[in-house]
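Structure below is target_28.cif: mmCIF, N, CA and C atoms.
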data_entry
#
loop_
_atom_site.label_atom_id
_atom_site.label_comp_id
_atom_site.auth_asym_id
_atom_site.auth_seq_id
_atom_site.Cartn_x
_atom_site.Cartn_y
_atom_site.Cartn_z
N MET A 1 -3.62 -5.13 -22.11
CA MET A 1 -3.57 -4.48 -20.83
C MET A 1 -2.17 -4.61 -20.26
N THR A 2 -1.71 -3.56 -19.65
CA THR A 2 -0.43 -3.61 -18.98
C THR A 2 -0.65 -3.39 -17.50
N ASP A 3 0.11 -4.13 -16.69
CA ASP A 3 0.01 -3.95 -15.26
C ASP A 3 0.89 -2.79 -14.85
N ASN A 4 0.37 -1.96 -13.99
CA ASN A 4 1.10 -0.80 -13.52
C ASN A 4 0.78 -0.64 -12.05
N THR A 5 1.77 -0.43 -11.25
CA THR A 5 1.54 -0.27 -9.82
C THR A 5 2.08 1.07 -9.39
N GLN A 6 1.23 1.85 -8.74
CA GLN A 6 1.65 3.15 -8.22
C GLN A 6 2.39 2.90 -6.93
N GLN A 7 3.50 3.61 -6.71
CA GLN A 7 4.23 3.44 -5.48
C GLN A 7 4.62 4.76 -4.90
N SER A 8 4.96 4.69 -3.63
CA SER A 8 5.31 5.89 -2.91
C SER A 8 6.27 5.51 -1.80
N ALA A 9 6.74 6.46 -1.07
CA ALA A 9 7.70 6.29 0.02
C ALA A 9 9.05 5.88 -0.55
N ALA A 10 9.99 5.71 0.32
CA ALA A 10 11.33 5.35 -0.12
C ALA A 10 11.34 3.91 -0.60
N PRO A 11 11.96 3.64 -1.76
CA PRO A 11 12.02 2.26 -2.21
C PRO A 11 12.86 1.44 -1.24
N ALA A 12 12.52 0.19 -1.12
CA ALA A 12 13.22 -0.69 -0.19
C ALA A 12 14.67 -0.87 -0.62
N SER A 13 15.55 -0.73 0.34
CA SER A 13 16.95 -0.94 0.01
C SER A 13 17.21 -2.44 0.04
N PRO A 14 18.05 -2.92 -0.87
CA PRO A 14 18.27 -4.35 -0.95
C PRO A 14 19.25 -4.84 0.12
N SER A 15 19.07 -4.39 1.37
CA SER A 15 19.96 -4.83 2.42
C SER A 15 19.57 -6.24 2.85
N THR A 16 20.55 -7.04 3.19
CA THR A 16 20.29 -8.42 3.52
C THR A 16 19.69 -8.57 4.91
N GLY A 17 19.88 -7.60 5.81
CA GLY A 17 19.37 -7.69 7.16
C GLY A 17 18.00 -7.06 7.33
N SER A 18 17.33 -6.73 6.25
CA SER A 18 16.04 -6.06 6.33
C SER A 18 14.96 -7.01 6.86
N LYS A 19 14.14 -6.51 7.79
CA LYS A 19 13.04 -7.28 8.35
C LYS A 19 11.72 -6.87 7.71
N LYS A 20 11.77 -6.09 6.65
CA LYS A 20 10.55 -5.60 6.03
C LYS A 20 9.84 -6.72 5.29
N GLN A 21 8.52 -6.75 5.46
CA GLN A 21 7.67 -7.69 4.75
C GLN A 21 6.45 -6.94 4.24
N CYS A 22 5.78 -7.51 3.27
CA CYS A 22 4.59 -6.87 2.71
C CYS A 22 3.34 -7.31 3.46
N TYR A 23 2.50 -6.33 3.75
CA TYR A 23 1.24 -6.57 4.44
C TYR A 23 0.12 -5.96 3.61
N VAL A 24 -1.07 -6.55 3.70
CA VAL A 24 -2.23 -6.02 3.01
C VAL A 24 -3.04 -5.21 4.00
N VAL A 25 -3.30 -3.96 3.65
CA VAL A 25 -4.07 -3.05 4.49
C VAL A 25 -5.41 -2.80 3.82
N HIS A 26 -6.49 -2.94 4.57
CA HIS A 26 -7.83 -2.68 4.05
C HIS A 26 -8.16 -1.20 4.26
N ALA A 27 -8.58 -0.55 3.19
CA ALA A 27 -8.95 0.86 3.23
C ALA A 27 -10.36 1.02 2.68
N TYR A 28 -10.94 2.18 2.92
CA TYR A 28 -12.25 2.45 2.33
C TYR A 28 -12.11 2.37 0.82
N SER A 29 -13.08 1.73 0.18
CA SER A 29 -13.03 1.58 -1.27
C SER A 29 -13.07 2.94 -1.95
N GLY A 30 -12.20 3.13 -2.91
CA GLY A 30 -12.11 4.40 -3.62
C GLY A 30 -11.16 5.39 -2.95
N MET A 31 -10.65 5.06 -1.79
CA MET A 31 -9.77 5.96 -1.04
C MET A 31 -8.33 5.44 -0.97
N GLU A 32 -7.98 4.51 -1.84
CA GLU A 32 -6.66 3.88 -1.77
C GLU A 32 -5.53 4.89 -1.95
N LYS A 33 -5.66 5.78 -2.92
CA LYS A 33 -4.60 6.77 -3.16
C LYS A 33 -4.51 7.77 -2.01
N SER A 34 -5.65 8.12 -1.42
CA SER A 34 -5.67 9.01 -0.27
C SER A 34 -4.95 8.35 0.91
N VAL A 35 -5.19 7.07 1.12
CA VAL A 35 -4.51 6.32 2.18
C VAL A 35 -3.01 6.27 1.90
N GLN A 36 -2.65 6.05 0.64
CA GLN A 36 -1.23 6.00 0.26
C GLN A 36 -0.55 7.34 0.59
N ARG A 37 -1.18 8.44 0.24
CA ARG A 37 -0.61 9.76 0.53
C ARG A 37 -0.54 10.01 2.04
N ALA A 38 -1.62 9.67 2.75
CA ALA A 38 -1.66 9.89 4.19
C ALA A 38 -0.58 9.07 4.91
N LEU A 39 -0.41 7.82 4.50
CA LEU A 39 0.63 6.98 5.11
C LEU A 39 2.01 7.56 4.86
N THR A 40 2.27 8.00 3.63
CA THR A 40 3.57 8.57 3.29
C THR A 40 3.86 9.81 4.15
N GLU A 41 2.86 10.67 4.32
CA GLU A 41 3.03 11.87 5.14
C GLU A 41 3.24 11.52 6.62
N ARG A 42 2.47 10.57 7.13
CA ARG A 42 2.59 10.18 8.54
C ARG A 42 3.95 9.53 8.81
N ILE A 43 4.43 8.72 7.88
CA ILE A 43 5.74 8.06 8.04
C ILE A 43 6.83 9.12 8.11
N ALA A 44 6.75 10.12 7.22
CA ALA A 44 7.76 11.19 7.20
C ALA A 44 7.70 12.01 8.50
N ARG A 45 6.49 12.34 8.95
CA ARG A 45 6.34 13.13 10.18
C ARG A 45 6.86 12.37 11.40
N ALA A 46 6.67 11.05 11.41
CA ALA A 46 7.11 10.24 12.55
C ALA A 46 8.59 9.88 12.46
N GLY A 47 9.22 10.16 11.31
CA GLY A 47 10.63 9.83 11.13
C GLY A 47 10.88 8.34 11.06
N MET A 48 9.93 7.59 10.50
CA MET A 48 10.05 6.13 10.44
C MET A 48 10.35 5.61 9.04
N GLU A 49 10.97 6.44 8.20
CA GLU A 49 11.21 6.04 6.82
C GLU A 49 12.01 4.74 6.71
N GLU A 50 12.93 4.51 7.67
CA GLU A 50 13.78 3.32 7.60
C GLU A 50 12.99 2.04 7.91
N LYS A 51 11.80 2.16 8.50
CA LYS A 51 11.01 0.98 8.84
C LYS A 51 9.98 0.65 7.77
N PHE A 52 9.86 1.50 6.76
CA PHE A 52 8.89 1.29 5.70
C PHE A 52 9.59 1.23 4.35
N GLY A 53 9.01 0.46 3.45
CA GLY A 53 9.49 0.39 2.08
C GLY A 53 8.46 1.01 1.16
N GLN A 54 8.00 0.23 0.20
CA GLN A 54 7.04 0.73 -0.77
C GLN A 54 5.62 0.67 -0.22
N ILE A 55 4.82 1.63 -0.66
CA ILE A 55 3.39 1.63 -0.38
C ILE A 55 2.71 1.61 -1.74
N LEU A 56 2.03 0.52 -2.04
CA LEU A 56 1.53 0.29 -3.39
C LEU A 56 0.01 0.23 -3.45
N VAL A 57 -0.53 0.85 -4.49
CA VAL A 57 -1.95 0.72 -4.82
C VAL A 57 -1.97 -0.07 -6.13
N PRO A 58 -2.39 -1.34 -6.11
CA PRO A 58 -2.36 -2.16 -7.32
C PRO A 58 -3.34 -1.63 -8.37
N THR A 59 -2.80 -1.21 -9.50
CA THR A 59 -3.63 -0.68 -10.59
C THR A 59 -3.18 -1.26 -11.92
N GLU A 60 -4.03 -1.12 -12.92
CA GLU A 60 -3.68 -1.50 -14.28
C GLU A 60 -4.26 -0.47 -15.23
N GLU A 61 -3.60 -0.30 -16.36
CA GLU A 61 -4.11 0.61 -17.38
C GLU A 61 -5.06 -0.15 -18.28
N VAL A 62 -6.22 0.44 -18.54
CA VAL A 62 -7.24 -0.19 -19.37
C VAL A 62 -7.58 0.77 -20.51
N ILE A 63 -7.66 0.24 -21.73
CA ILE A 63 -8.05 1.06 -22.88
C ILE A 63 -9.55 0.90 -23.07
N GLU A 64 -10.27 2.03 -23.00
CA GLU A 64 -11.71 2.03 -23.14
C GLU A 64 -12.11 2.84 -24.37
N MET A 65 -13.24 2.49 -24.95
CA MET A 65 -13.79 3.25 -26.08
C MET A 65 -14.92 4.12 -25.55
N LYS A 66 -14.76 5.44 -25.70
CA LYS A 66 -15.81 6.38 -25.30
C LYS A 66 -16.07 7.30 -26.48
N ASN A 67 -17.31 7.30 -26.97
CA ASN A 67 -17.71 8.15 -28.10
C ASN A 67 -16.79 7.94 -29.30
N GLY A 68 -16.40 6.70 -29.55
CA GLY A 68 -15.55 6.40 -30.69
C GLY A 68 -14.08 6.73 -30.48
N GLN A 69 -13.73 7.22 -29.31
CA GLN A 69 -12.33 7.58 -29.00
C GLN A 69 -11.76 6.57 -28.02
N LYS A 70 -10.50 6.21 -28.25
CA LYS A 70 -9.82 5.35 -27.29
C LYS A 70 -9.29 6.22 -26.16
N SER A 71 -9.52 5.76 -24.96
CA SER A 71 -8.96 6.48 -23.82
C SER A 71 -8.35 5.46 -22.87
N VAL A 72 -7.22 5.83 -22.30
CA VAL A 72 -6.54 4.96 -21.35
C VAL A 72 -6.91 5.43 -19.95
N THR A 73 -7.46 4.51 -19.18
CA THR A 73 -7.82 4.84 -17.80
C THR A 73 -7.11 3.86 -16.87
N GLU A 74 -7.02 4.27 -15.64
CA GLU A 74 -6.37 3.44 -14.63
C GLU A 74 -7.46 2.78 -13.80
N ARG A 75 -7.33 1.47 -13.61
CA ARG A 75 -8.32 0.74 -12.84
C ARG A 75 -7.62 -0.02 -11.71
N ARG A 76 -8.19 0.03 -10.54
CA ARG A 76 -7.65 -0.72 -9.40
C ARG A 76 -8.09 -2.16 -9.55
N PHE A 77 -7.16 -3.12 -9.44
CA PHE A 77 -7.61 -4.49 -9.54
C PHE A 77 -7.74 -5.16 -8.18
N PHE A 78 -7.45 -4.46 -7.09
CA PHE A 78 -7.79 -4.89 -5.73
C PHE A 78 -8.42 -3.70 -5.03
N PRO A 79 -9.65 -3.33 -5.40
CA PRO A 79 -10.27 -2.15 -4.78
C PRO A 79 -10.37 -2.32 -3.26
N GLY A 80 -10.01 -1.27 -2.56
CA GLY A 80 -10.11 -1.29 -1.11
C GLY A 80 -8.86 -1.82 -0.40
N TYR A 81 -7.81 -2.12 -1.17
CA TYR A 81 -6.60 -2.67 -0.55
C TYR A 81 -5.36 -1.89 -0.96
N VAL A 82 -4.44 -1.76 -0.01
CA VAL A 82 -3.15 -1.11 -0.24
C VAL A 82 -2.09 -2.07 0.29
N LEU A 83 -1.01 -2.23 -0.47
CA LEU A 83 0.09 -3.09 -0.04
C LEU A 83 1.16 -2.22 0.60
N VAL A 84 1.57 -2.60 1.81
CA VAL A 84 2.56 -1.81 2.55
C VAL A 84 3.73 -2.71 2.91
N GLU A 85 4.92 -2.30 2.49
CA GLU A 85 6.14 -3.01 2.87
C GLU A 85 6.67 -2.33 4.12
N MET A 86 6.78 -3.11 5.21
CA MET A 86 7.16 -2.49 6.47
C MET A 86 7.77 -3.51 7.42
N GLU A 87 8.49 -2.99 8.39
CA GLU A 87 8.98 -3.80 9.50
C GLU A 87 7.91 -3.72 10.58
N MET A 88 7.33 -4.85 10.97
CA MET A 88 6.21 -4.83 11.91
C MET A 88 6.69 -4.68 13.35
N THR A 89 6.37 -3.53 13.91
CA THR A 89 6.60 -3.26 15.33
C THR A 89 5.31 -2.66 15.88
N ASP A 90 5.23 -2.49 17.18
CA ASP A 90 4.04 -1.86 17.76
C ASP A 90 3.84 -0.45 17.21
N ASP A 91 4.94 0.31 17.07
CA ASP A 91 4.85 1.69 16.57
C ASP A 91 4.38 1.74 15.13
N THR A 92 4.95 0.89 14.26
CA THR A 92 4.54 0.91 12.85
C THR A 92 3.11 0.41 12.70
N TRP A 93 2.74 -0.60 13.50
CA TRP A 93 1.36 -1.11 13.45
C TRP A 93 0.38 -0.01 13.80
N HIS A 94 0.65 0.73 14.88
CA HIS A 94 -0.24 1.82 15.30
C HIS A 94 -0.27 2.94 14.27
N LEU A 95 0.88 3.26 13.68
CA LEU A 95 0.91 4.32 12.67
C LEU A 95 -0.02 3.98 11.50
N VAL A 96 0.06 2.75 11.00
CA VAL A 96 -0.78 2.35 9.86
C VAL A 96 -2.24 2.22 10.30
N LYS A 97 -2.49 1.55 11.39
CA LYS A 97 -3.86 1.27 11.84
C LYS A 97 -4.63 2.54 12.18
N ASN A 98 -3.94 3.56 12.68
CA ASN A 98 -4.61 4.80 13.06
C ASN A 98 -4.60 5.86 11.97
N THR A 99 -4.31 5.47 10.75
CA THR A 99 -4.37 6.38 9.61
C THR A 99 -5.82 6.52 9.16
N ASN A 100 -6.22 7.74 8.81
CA ASN A 100 -7.59 7.96 8.33
C ASN A 100 -7.89 7.07 7.13
N LYS A 101 -9.10 6.55 7.10
CA LYS A 101 -9.63 5.73 6.01
C LYS A 101 -9.03 4.32 5.95
N VAL A 102 -8.25 3.93 6.97
CA VAL A 102 -7.73 2.56 7.06
C VAL A 102 -8.60 1.82 8.06
N THR A 103 -9.10 0.64 7.65
CA THR A 103 -9.92 -0.14 8.56
C THR A 103 -9.11 -1.22 9.28
N GLY A 104 -7.95 -1.58 8.75
CA GLY A 104 -7.11 -2.57 9.43
C GLY A 104 -6.28 -3.38 8.48
N PHE A 105 -5.59 -4.34 9.04
CA PHE A 105 -4.76 -5.26 8.26
C PHE A 105 -5.58 -6.49 7.90
N ILE A 106 -5.17 -7.18 6.85
CA ILE A 106 -5.83 -8.41 6.41
C ILE A 106 -4.97 -9.59 6.84
N GLY A 107 -5.59 -10.61 7.38
CA GLY A 107 -4.89 -11.84 7.75
C GLY A 107 -4.35 -11.80 9.16
N GLY A 108 -4.21 -12.98 9.76
CA GLY A 108 -3.66 -13.09 11.09
C GLY A 108 -4.63 -12.61 12.15
N LYS A 109 -4.10 -12.28 13.31
CA LYS A 109 -4.91 -11.75 14.41
C LYS A 109 -5.00 -10.24 14.28
N SER A 110 -5.92 -9.63 15.00
CA SER A 110 -6.12 -8.19 14.87
C SER A 110 -4.89 -7.39 15.25
N ASN A 111 -4.09 -7.88 16.21
CA ASN A 111 -2.89 -7.12 16.59
C ASN A 111 -1.60 -7.74 16.06
N LYS A 112 -1.70 -8.83 15.31
CA LYS A 112 -0.52 -9.49 14.73
C LYS A 112 -0.86 -9.96 13.33
N PRO A 113 -0.84 -9.05 12.34
CA PRO A 113 -1.20 -9.44 10.97
C PRO A 113 -0.16 -10.38 10.35
N THR A 114 -0.61 -11.15 9.39
CA THR A 114 0.26 -12.08 8.68
C THR A 114 0.78 -11.40 7.42
N PRO A 115 2.10 -11.45 7.18
CA PRO A 115 2.64 -10.86 5.95
C PRO A 115 2.32 -11.72 4.73
N ILE A 116 2.41 -11.12 3.57
CA ILE A 116 2.24 -11.84 2.31
C ILE A 116 3.48 -12.72 2.14
N PRO A 117 3.31 -14.00 1.82
CA PRO A 117 4.49 -14.84 1.63
C PRO A 117 5.32 -14.37 0.43
N PRO A 118 6.65 -14.40 0.53
CA PRO A 118 7.48 -14.00 -0.61
C PRO A 118 7.30 -14.97 -1.78
N HIS A 119 7.40 -14.46 -3.01
CA HIS A 119 7.21 -15.35 -4.16
C HIS A 119 8.51 -15.80 -4.72
#
Give the structure from the file, written as structure tokens.
Amino acid sequence: MTDNTQQSAAPASPSTGSKKQCYVVHAYSGMEKSVQRALTERIARAGMEEKFGQILVPTEEVIEMKNGQKSVTERRFFPGYVLVEMEMTDDTWHLVKNTNKVTGFIGGKSNKPTPIPPH
């Protein structure tokens, strides 16, 4: 198995003054890619590209046997979750939280989510 992560939005620039951190967003299960597309469109419409980095749906490629044939399929290994790299402000929080099929952030308080610790 190989790990593969789908990404979208502008990749994070390696600037040293960046305040962007990764947050876990809970979405309706099975709607992760739809949330990823919706967030990307909303970020572009709001002109907030500089406050967001990558939007990731954690997936992996799995080789399955169907009718004697090998087929490669993509499987989500955190169903219902999307990783969003962003600078947390009131505006960015509202943009993500009010996106269709997003139920909220994971961790912390409801209005102050906790970022994923850097590794």
Quiz item: DSSP says strand (DSSP E or B) for which residues of region 76-114 of chain A? Put them as a PyMOL selection string?
Solution: chain A and resi 76+81-86+102-105+109+112
Quiz prompt | Test item: the PyMOL selection byres ((chain A and resi 46-52) around 5) resolved as an NGL selection string | solution = :A and (42-45 or 53-54 or 85-87)
Quiz item: Evaluating the PyMOL selection byres (((chain A and resi 35 and name CA) around 8) and name CA) on the displayed file yields which residues, as a list in words?
Solution: Ala27, Met31, Glu32, Lys33, Ser34, Gln36, Arg37, Ala38, Leu39, Val82, Thr99, Asn100, Lys101 and Val102 of chain A
Quiz item: Please, what distance in Å, to one decimal, runs between CA of Phe77 (chain A) and CA of His94 (chain A)?
Solution: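 CA of His94 (chain A) lies at a distance of 26.7 Å from CA of Phe77 (chain A).
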Practice problem: Could you state which residues are captured by the PyMOL selection byres (((chain A and resi 105 and name CA) around 12) and name CA) in this file, as a ChimeraX atom specification? | Solution: /A:22-27,80-84,88,93-99,102-104,106-116
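CA of Ser18 (chain A) to atom N of Val57 (chain A) spans 21.0 Å [interatomic distance, one decimal].
With only N, CA and C atoms as the atoms that count, the residue of A:Thr40, A:Gln21, A:Thr73, A:Thr92 with the shortest distance to Glu60 (chain A) is A:Thr73.
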Practice problem: Using CA of Lys20 (chain A) and CA of Pro118 (chain A) as the two end points, give the distance in Å to one decimal. | Solution: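 Atom-to-atom, CA of Lys20 (chain A) to CA of Pro118 (chain A), that is 11.1 Å.
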Axis-aligned box for all listed atoms of region 73-82 of chain A, 3 Å per side, centre and edges in Å to one decimal, as lines of an AutoDock Vina configuration file:
center_x = -6.2
center_y = -0.2
center_z = -9.4
size_x = 14.3
size_y = 16.0
size_z = 25.5
Quiz item: So, counting only C-alpha atoms, which residue among A:His119, A:Lys19, A:Pro79, A:Glu74 is closest to Glu61 (chain A)?
Solution: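 Among A:His119, A:Lys19, A:Pro79, A:Glu74, it is A:Glu74 that comes nearest to Glu61 (chain A).
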Quiz item: Using the chain letters and numbers from this document, which residues of chain A does DSSP assign to alpha helix (DSSP H), as JSON, numbers by chain?
Solution: {"A": [32, 33, 34, 35, 36, 37, 38, 39, 40, 41, 42, 43, 44, 45, 46, 90, 91, 92, 93, 94, 95, 96, 97]}
